[in-house]
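Participant: Below is a structure I'd like to ask you about.
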There are 2 protein chains.
Amino acid sequence: MTSATRLSKDDWIAAAIDAIEHGGIAAIAVEPLAAGLGTTKGSFYWHFTNRDELIAATMQRWEELATGAVIASVSEVADPMDRLRQLLRVVFGHAREDRIEARIVLAPFDVRVSPTVERVTALRIEFLTSLFRGLGFGRATAAKRARIAYAAYLGHLRLLLDTTQTSADAPTTTRTSTSATRAYAEELLRVLTSPA
Amino acid sequence: MTSATRLSKDDWIAAAIDAIEHGGIAAIAVEPLAAGLGTTKGSFYWHFTNRDELIAATMQRWEELATGAVIASVSEVADPMDRLRQLLRVVFGHAREDRIEARIVLAPFDVRVSPTVERVTALRIEFLTSLFRGLGFGRATAAKRARIAYAAYLGHLRLLLDTTQTSADAPTTTRTSTSATRAYAEELLRVLTSPA
DNA sequence: TACCAACCATACGGTGGCGTATGGTTGCAA
DNA sequence: TTGCAACCATACGCCACCGTATGGTTGGTA
């Protein structure tokens, strides 16, 4: 994995994204990252002018990942109800692993992060709103339900971290989507689509 | 405010809680706090053995505040439906100011914080569950709705921070409970109490 | 009023991270 | 095979913070 080859900008960004999992953007620190990559600051400061530039690049990369994947994986489904169901399935299935998502999306008050997160948030809520509109809800109701749905997702993301971290073993066996989580998602779907 | 008198342990804890608003537990740093209090480390290390002890004390204090107030302010209402309504009103009214709550409750992965937060979380969800049971929902449904309700609260807490921070003026005019927030809370109440 | 305990200031050494400077390597291209 | 550009290592100074050591103050009590 740590091949003795030379590094690219993207290698640093990838390492930065990994680091987020264990300490948020605060963990995007040059010297620890260099150590992890088996190199030194000398390399880093050739590719980047400073730490903030890496953080910016990392956020940009995350934004691409965050917007592209999920929505795409859903938009192929035709029926609106099935789309929403599918979305919840995907999103709540992933949630357990997505520590990175959690760290970025739950972390407030950081100017280097918030613009990106706010864009992603807006986009996701818009997408959800269109879903609810497709289900026949009026404009205002759809907007509110979308917001509730996304808030519930965020909260769920946070709540998952409680039980997860205690056992530091965490085998690669992604035991995602516990039956409890499934039940939660189904109930959420139920209440969110209850008649206006 | 910064009277030239001597300081107590509680003064440091109070300062620590304030500091959380502008940087989370990371902002509970001895020297900055000392400067803010108009004193020096000398004082601090007389009252506490080290930084972690202050953090622990601060979390303990927050736990008291977090559990006591809200639940008490609600339990005087008789009718279950009104209780829930009242709870949402209180909680969503406060939310905008409660940056501190947000920073503590949304921050994961910190061993010095998580045990406290997890206790508070469990307690609140239990309380919510009993509310839903009081509304006539069965055990399982009540538990799920409670979890959804709390997740929606957490997510809402996070979403509020987006719009809030941009304008750094933030006058003391607690413009809490925007009409948008009210509408959100009402819709949330509606979907959460929709028939099983 | 003299003293002791509570409380605080100052100075120090240590750590971890940032950014710069400067001098290697390495590999491809002429 | 030499040479230059890309890439990396090492060493340095700086800053913010932690914790210790040590020597003041201060205020109440004997």
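Starting from 1 in every chain, residues are counted up; chains themselves are A, B, ... following the order of the structure tokens, and ligands are numbered from 1 as listed.
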Could you list the residues in chain D lying within 9 Å of chain A, using only C-alpha atoms (C1' of nucleotides), and format the result as a list of chain:residue names?

Facilitator: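 Therefore, the residues near the partner are D:DC7, D:DC8, D:DA9, D:DT10.
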
Participant: Could you name the residues that touch DA30 in chain D at 12 Å or less, counting only C-alpha atoms (C1' of nucleotides), but leaving out those on the same chain fewer than 6 positions away, as a PyMOL selection string?

Facilitator: chain C and resi 1-4

Participant: I need the chosen residues saved as a CSV table (one decimal), in the first residue's frame, with C-alpha atoms (C1' of nucleotides).

Facilitator:
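That gives us result-v4.csv:
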```
chain,number,residue,atom,x,y,z
C,1,DT,C1',-0.1,41.8,64.7
C,2,DA,C1',1.9,37.9,63.3
C,3,DC,C1',1.1,33.7,61.0
C,4,DC,C1',-0.7,30.2,58.1
```

Participant: Just give me the gap between CA of Arg139 in chain B and CA of Arg145 in chain A in Å, one decimal is fine.

Facilitator: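 One can read the CA of Arg139 in chain B to CA of Arg145 in chain A distance as 24.9 Å.
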
Participant: Write out as a tab-separated table the residues of chain C that have any atom within 10 Å of an atom of chain A, one row each with the nearest atom pair and its distance in Å to one decimal, counting only C-alpha atoms (C1' of nucleotides), sorted by chain and then rising number.

Facilitator:
```
residue	atom	partner	partner_atom	distance
C:DG16	C1'	A:Glu31	CA	9.3
C:DG17	C1'	A:Glu31	CA	7.3
C:DC18	C1'	A:Val30	CA	8.2
C:DG19	C1'	A:Asn50	CA	7.6
C:DT20	C1'	A:Tyr45	CA	9.8
```

Participant: Save the residues we just selected, C-alpha atoms (C1' of nucleotides), as an mmCIF file, in the first residue's frame?

Facilitator:
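For reference, selection.cif as written:
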```
data_model
loop_
_atom_site.group_PDB
_atom_site.id
_atom_site.type_symbol
_atom_site.label_atom_id
_atom_site.label_comp_id
_atom_site.auth_asym_id
_atom_site.auth_seq_id
_atom_site.Cartn_x
_atom_site.Cartn_y
_atom_site.Cartn_z
ATOM 1 C "C1'" DG C 16 3.446 18.947 18.631
ATOM 2 C "C1'" DG C 17 2.462 21.174 14.882
ATOM 3 C "C1'" DC C 18 3.342 24.992 10.993
ATOM 4 C "C1'" DG C 19 6.073 26.935 7.452
ATOM 5 C "C1'" DT C 20 10.867 28.005 5.308
#
```

Participant: Per residue of chain B within 7 Å of chain A, note the shortest atom pair and the distance in Å to one decimal, counting only C-alpha atoms, and order the rows by chain and increasing residue number, as a Markdown table.

Facilitator:
```
| residue | atom | partner | partner_atom | distance |
| --- | --- | --- | --- | --- |
| B:Leu106 | CA | A:Leu106 | CA | 6.3 |
| B:Pro108 | CA | A:Leu161 | CA | 6.6 |
| B:Glu118 | CA | A:Asp162 | CA | 6.6 |
| B:Lys144 | CA | A:Tyr184 | CA | 5.9 |
| B:Ile148 | CA | A:Ala152 | CA | 6.2 |
| B:Ala151 | CA | A:Gly155 | CA | 3.8 |
| B:Ala152 | CA | A:Ala152 | CA | 4.2 |
| B:Leu154 | CA | A:Gly155 | CA | 4.9 |
| B:Gly155 | CA | A:Ala151 | CA | 3.8 |
| B:His156 | CA | A:Ala151 | CA | 5.4 |
| B:Arg158 | CA | A:Leu106 | CA | 6.6 |
| B:Leu161 | CA | A:Pro108 | CA | 6.6 |
| B:Asp162 | CA | A:Glu118 | CA | 6.6 |
| B:Tyr184 | CA | A:Lys144 | CA | 5.9 |
| B:Glu187 | CA | A:Lys144 | CA | 6.9 |
| B:Leu188 | CA | A:Ile148 | CA | 6.9 |
| B:Val191 | CA | A:Val191 | CA | 5.2 |
| B:Leu192 | CA | A:Val191 | CA | 6.3 |
| B:Ser194 | CA | A:Val191 | CA | 6.5 |
```

Participant: Take the residues from that selection and put them in a file with N, CA and C atoms, as a PDB file, in the first residue's frame.

Facilitator:
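Generated output (part31.pdb):
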```pdb
ATOM      1  N   LEU B 106     -23.393  17.089  19.312  1.00  0.00           N
ATOM      2  CA  LEU B 106     -23.097  16.639  17.952  1.00  0.00           C
ATOM      3  C   LEU B 106     -21.689  16.103  17.819  1.00  0.00           C
ATOM      4  N   PRO B 108     -18.852  13.775  18.135  1.00  0.00           N
ATOM      5  CA  PRO B 108     -18.652  12.373  18.439  1.00  0.00           C
ATOM      6  C   PRO B 108     -17.191  12.068  18.683  1.00  0.00           C
ATOM      7  N   GLU B 118     -23.878  10.130  25.987  1.00  0.00           N
ATOM      8  CA  GLU B 118     -24.670   8.921  25.798  1.00  0.00           C
ATOM      9  C   GLU B 118     -25.696   8.747  26.918  1.00  0.00           C
ATOM     10  N   LYS B 144     -39.571   3.624  18.467  1.00  0.00           N
ATOM     11  CA  LYS B 144     -39.092   4.087  17.168  1.00  0.00           C
ATOM     12  C   LYS B 144     -39.406   5.561  16.960  1.00  0.00           C
ATOM     13  N   ILE B 148     -36.816   8.662  16.317  1.00  0.00           N
ATOM     14  CA  ILE B 148     -36.961   9.566  15.177  1.00  0.00           C
ATOM     15  C   ILE B 148     -37.066  11.006  15.661  1.00  0.00           C
ATOM     16  N   ALA B 151     -33.690  12.168  16.819  1.00  0.00           N
ATOM     17  CA  ALA B 151     -32.806  12.347  15.667  1.00  0.00           C
ATOM     18  C   ALA B 151     -33.177  13.623  14.923  1.00  0.00           C
ATOM     19  N   ALA B 152     -34.462  13.849  14.766  1.00  0.00           N
ATOM     20  CA  ALA B 152     -34.905  15.059  14.067  1.00  0.00           C
ATOM     21  C   ALA B 152     -34.470  16.302  14.847  1.00  0.00           C
ATOM     22  N   LEU B 154     -31.784  16.509  16.808  1.00  0.00           N
ATOM     23  CA  LEU B 154     -30.344  16.650  16.601  1.00  0.00           C
ATOM     24  C   LEU B 154     -30.050  17.244  15.230  1.00  0.00           C
ATOM     25  N   GLY B 155     -30.693  16.711  14.236  1.00  0.00           N
ATOM     26  CA  GLY B 155     -30.471  17.201  12.882  1.00  0.00           C
ATOM     27  C   GLY B 155     -30.874  18.661  12.753  1.00  0.00           C
ATOM     28  N   HIS B 156     -31.976  18.979  13.364  1.00  0.00           N
ATOM     29  CA  HIS B 156     -32.435  20.362  13.336  1.00  0.00           C
ATOM     30  C   HIS B 156     -31.400  21.270  13.993  1.00  0.00           C
ATOM     31  N   ARG B 158     -28.292  20.834  14.135  1.00  0.00           N
ATOM     32  CA  ARG B 158     -27.191  20.994  13.210  1.00  0.00           C
ATOM     33  C   ARG B 158     -27.561  21.949  12.075  1.00  0.00           C
ATOM     34  N   LEU B 161     -27.358  25.709  12.681  1.00  0.00           N
ATOM     35  CA  LEU B 161     -26.043  26.334  12.760  1.00  0.00           C
ATOM     36  C   LEU B 161     -25.581  26.873  11.417  1.00  0.00           C
ATOM     37  N   ASP B 162     -26.044  26.276  10.355  1.00  0.00           N
ATOM     38  CA  ASP B 162     -25.656  26.737   9.030  1.00  0.00           C
ATOM     39  C   ASP B 162     -26.042  28.192   8.833  1.00  0.00           C
ATOM     40  N   TYR B 184     -41.827  24.041  10.944  1.00  0.00           N
ATOM     41  CA  TYR B 184     -41.095  22.780  10.964  1.00  0.00           C
ATOM     42  C   TYR B 184     -41.509  21.946  12.170  1.00  0.00           C
ATOM     43  N   GLU B 187     -45.049  20.546  11.798  1.00  0.00           N
ATOM     44  CA  GLU B 187     -45.096  19.429  10.862  1.00  0.00           C
ATOM     45  C   GLU B 187     -44.479  18.183  11.503  1.00  0.00           C
ATOM     46  N   LEU B 188     -43.422  18.397  12.233  1.00  0.00           N
ATOM     47  CA  LEU B 188     -42.777  17.278  12.909  1.00  0.00           C
ATOM     48  C   LEU B 188     -43.739  16.633  13.894  1.00  0.00           C
ATOM     49  N   VAL B 191     -46.331  14.560  11.866  1.00  0.00           N
ATOM     50  CA  VAL B 191     -45.926  13.255  11.333  1.00  0.00           C
ATOM     51  C   VAL B 191     -45.602  12.269  12.463  1.00  0.00           C
ATOM     52  N   LEU B 192     -45.045  12.786  13.551  1.00  0.00           N
ATOM     53  CA  LEU B 192     -44.662  11.887  14.638  1.00  0.00           C
ATOM     54  C   LEU B 192     -45.870  11.277  15.327  1.00  0.00           C
ATOM     55  N   SER B 194     -48.727  10.721  13.738  1.00  0.00           N
ATOM     56  CA  SER B 194     -49.624  10.089  12.764  1.00  0.00           C
ATOM     57  C   SER B 194     -49.877   8.645  13.207  1.00  0.00           C
TER      58      SER B 194
END
```

Participant: Between CA of Gln86 in chain B and CA of Ser73 in chain B, what is the spacing in Å?

Facilitator: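 Atom-to-atom, CA of Ser73 in chain B and CA of Gln86 in chain B are spaced 8.7 Å apart.
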
Participant: Just the residues within 8 Å of range 54-61 of chain A, please, counting only C-alpha atoms (C1' of nucleotides), with nothing from its chain fewer than 2 positions along; format it as JSON, numbers by chain.

Facilitator: {"A": [12, 13, 14, 16, 17, 25, 28, 48, 50, 51, 52, 63, 64, 65, 112, 113, 116]}

Participant: Quick one, how far is CA of Ala19 in chain A from CA of Leu33 in chain A?

Facilitator: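 Result for CA of Ala19 in chain A versus CA of Leu33 in chain A: 7.7 Å, one decimal.
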
Participant: Within 10 Å of range 78-82 of chain B, counting only C-alpha atoms (C1' of nucleotides), which residues show up once you throw out same-chain ones fewer than 3 positions away? Write them as number ranges by chain, please.

Facilitator: B: 74-75, 85-88, 130-136, 189, 193

Participant: Just write the chosen residues, N, CA and C atoms, as a tab-separated table (two decimals), in the first residue's frame.

Facilitator:
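Output below, filename selection-v5.tsv:
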```tsv
chain	number	residue	atom	x	y	z
B	74	VAL	N	-41.58	20.50	31.33
B	74	VAL	CA	-42.63	19.87	30.56
B	74	VAL	C	-43.54	19.02	31.45
B	75	SER	N	-42.93	18.43	32.44
B	75	SER	CA	-43.66	17.41	33.19
B	75	SER	C	-44.82	17.98	33.99
B	85	ARG	N	-46.32	18.62	22.58
B	85	ARG	CA	-46.35	19.90	21.90
B	85	ARG	C	-45.49	20.91	22.66
B	86	GLN	N	-45.67	20.93	23.94
B	86	GLN	CA	-44.92	21.86	24.80
B	86	GLN	C	-43.42	21.58	24.73
B	87	LEU	N	-43.09	20.29	24.73
B	87	LEU	CA	-41.68	19.91	24.65
B	87	LEU	C	-41.05	20.43	23.37
B	88	LEU	N	-41.73	20.21	22.28
B	88	LEU	CA	-41.19	20.68	21.00
B	88	LEU	C	-41.06	22.20	21.01
B	130	SER	N	-41.70	7.39	26.69
B	130	SER	CA	-42.83	7.39	27.63
B	130	SER	C	-43.91	8.35	27.15
B	131	LEU	N	-43.48	9.45	26.55
B	131	LEU	CA	-44.46	10.38	26.00
B	131	LEU	C	-45.32	9.71	24.93
B	132	PHE	N	-44.64	9.02	24.02
B	132	PHE	CA	-45.39	8.38	22.93
B	132	PHE	C	-46.26	7.24	23.45
B	133	ARG	N	-45.77	6.57	24.45
B	133	ARG	CA	-46.61	5.54	25.06
B	133	ARG	C	-47.86	6.18	25.64
B	134	GLY	N	-47.67	7.35	26.25
B	134	GLY	CA	-48.81	8.06	26.80
B	134	GLY	C	-49.83	8.47	25.75
B	135	LEU	N	-49.33	8.57	24.53
B	135	LEU	CA	-50.24	8.92	23.43
B	135	LEU	C	-50.97	7.69	22.88
B	136	GLY	N	-50.64	6.54	23.45
B	136	GLY	CA	-51.35	5.34	23.05
B	136	GLY	C	-50.61	4.44	22.09
B	189	LEU	N	-44.41	17.46	14.66
B	189	LEU	CA	-45.40	16.95	15.60
B	189	LEU	C	-46.46	16.14	14.87
B	193	THR	N	-46.98	11.99	15.28
B	193	THR	CA	-48.18	11.49	15.95
B	193	THR	C	-49.18	10.90	14.96
```

Participant: So that I can see what lies close to DT15 in chain C, please list as a list of chain:residue names the residues with an atom at most 12 Å from it, counting only C-alpha atoms (C1' of nucleotides) and leaving out residues fewer than 6 positions away in the same chain.

Facilitator: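 Residues meeting the cut-off are D:DA16, D:DC17, D:DC18, D:DG19.
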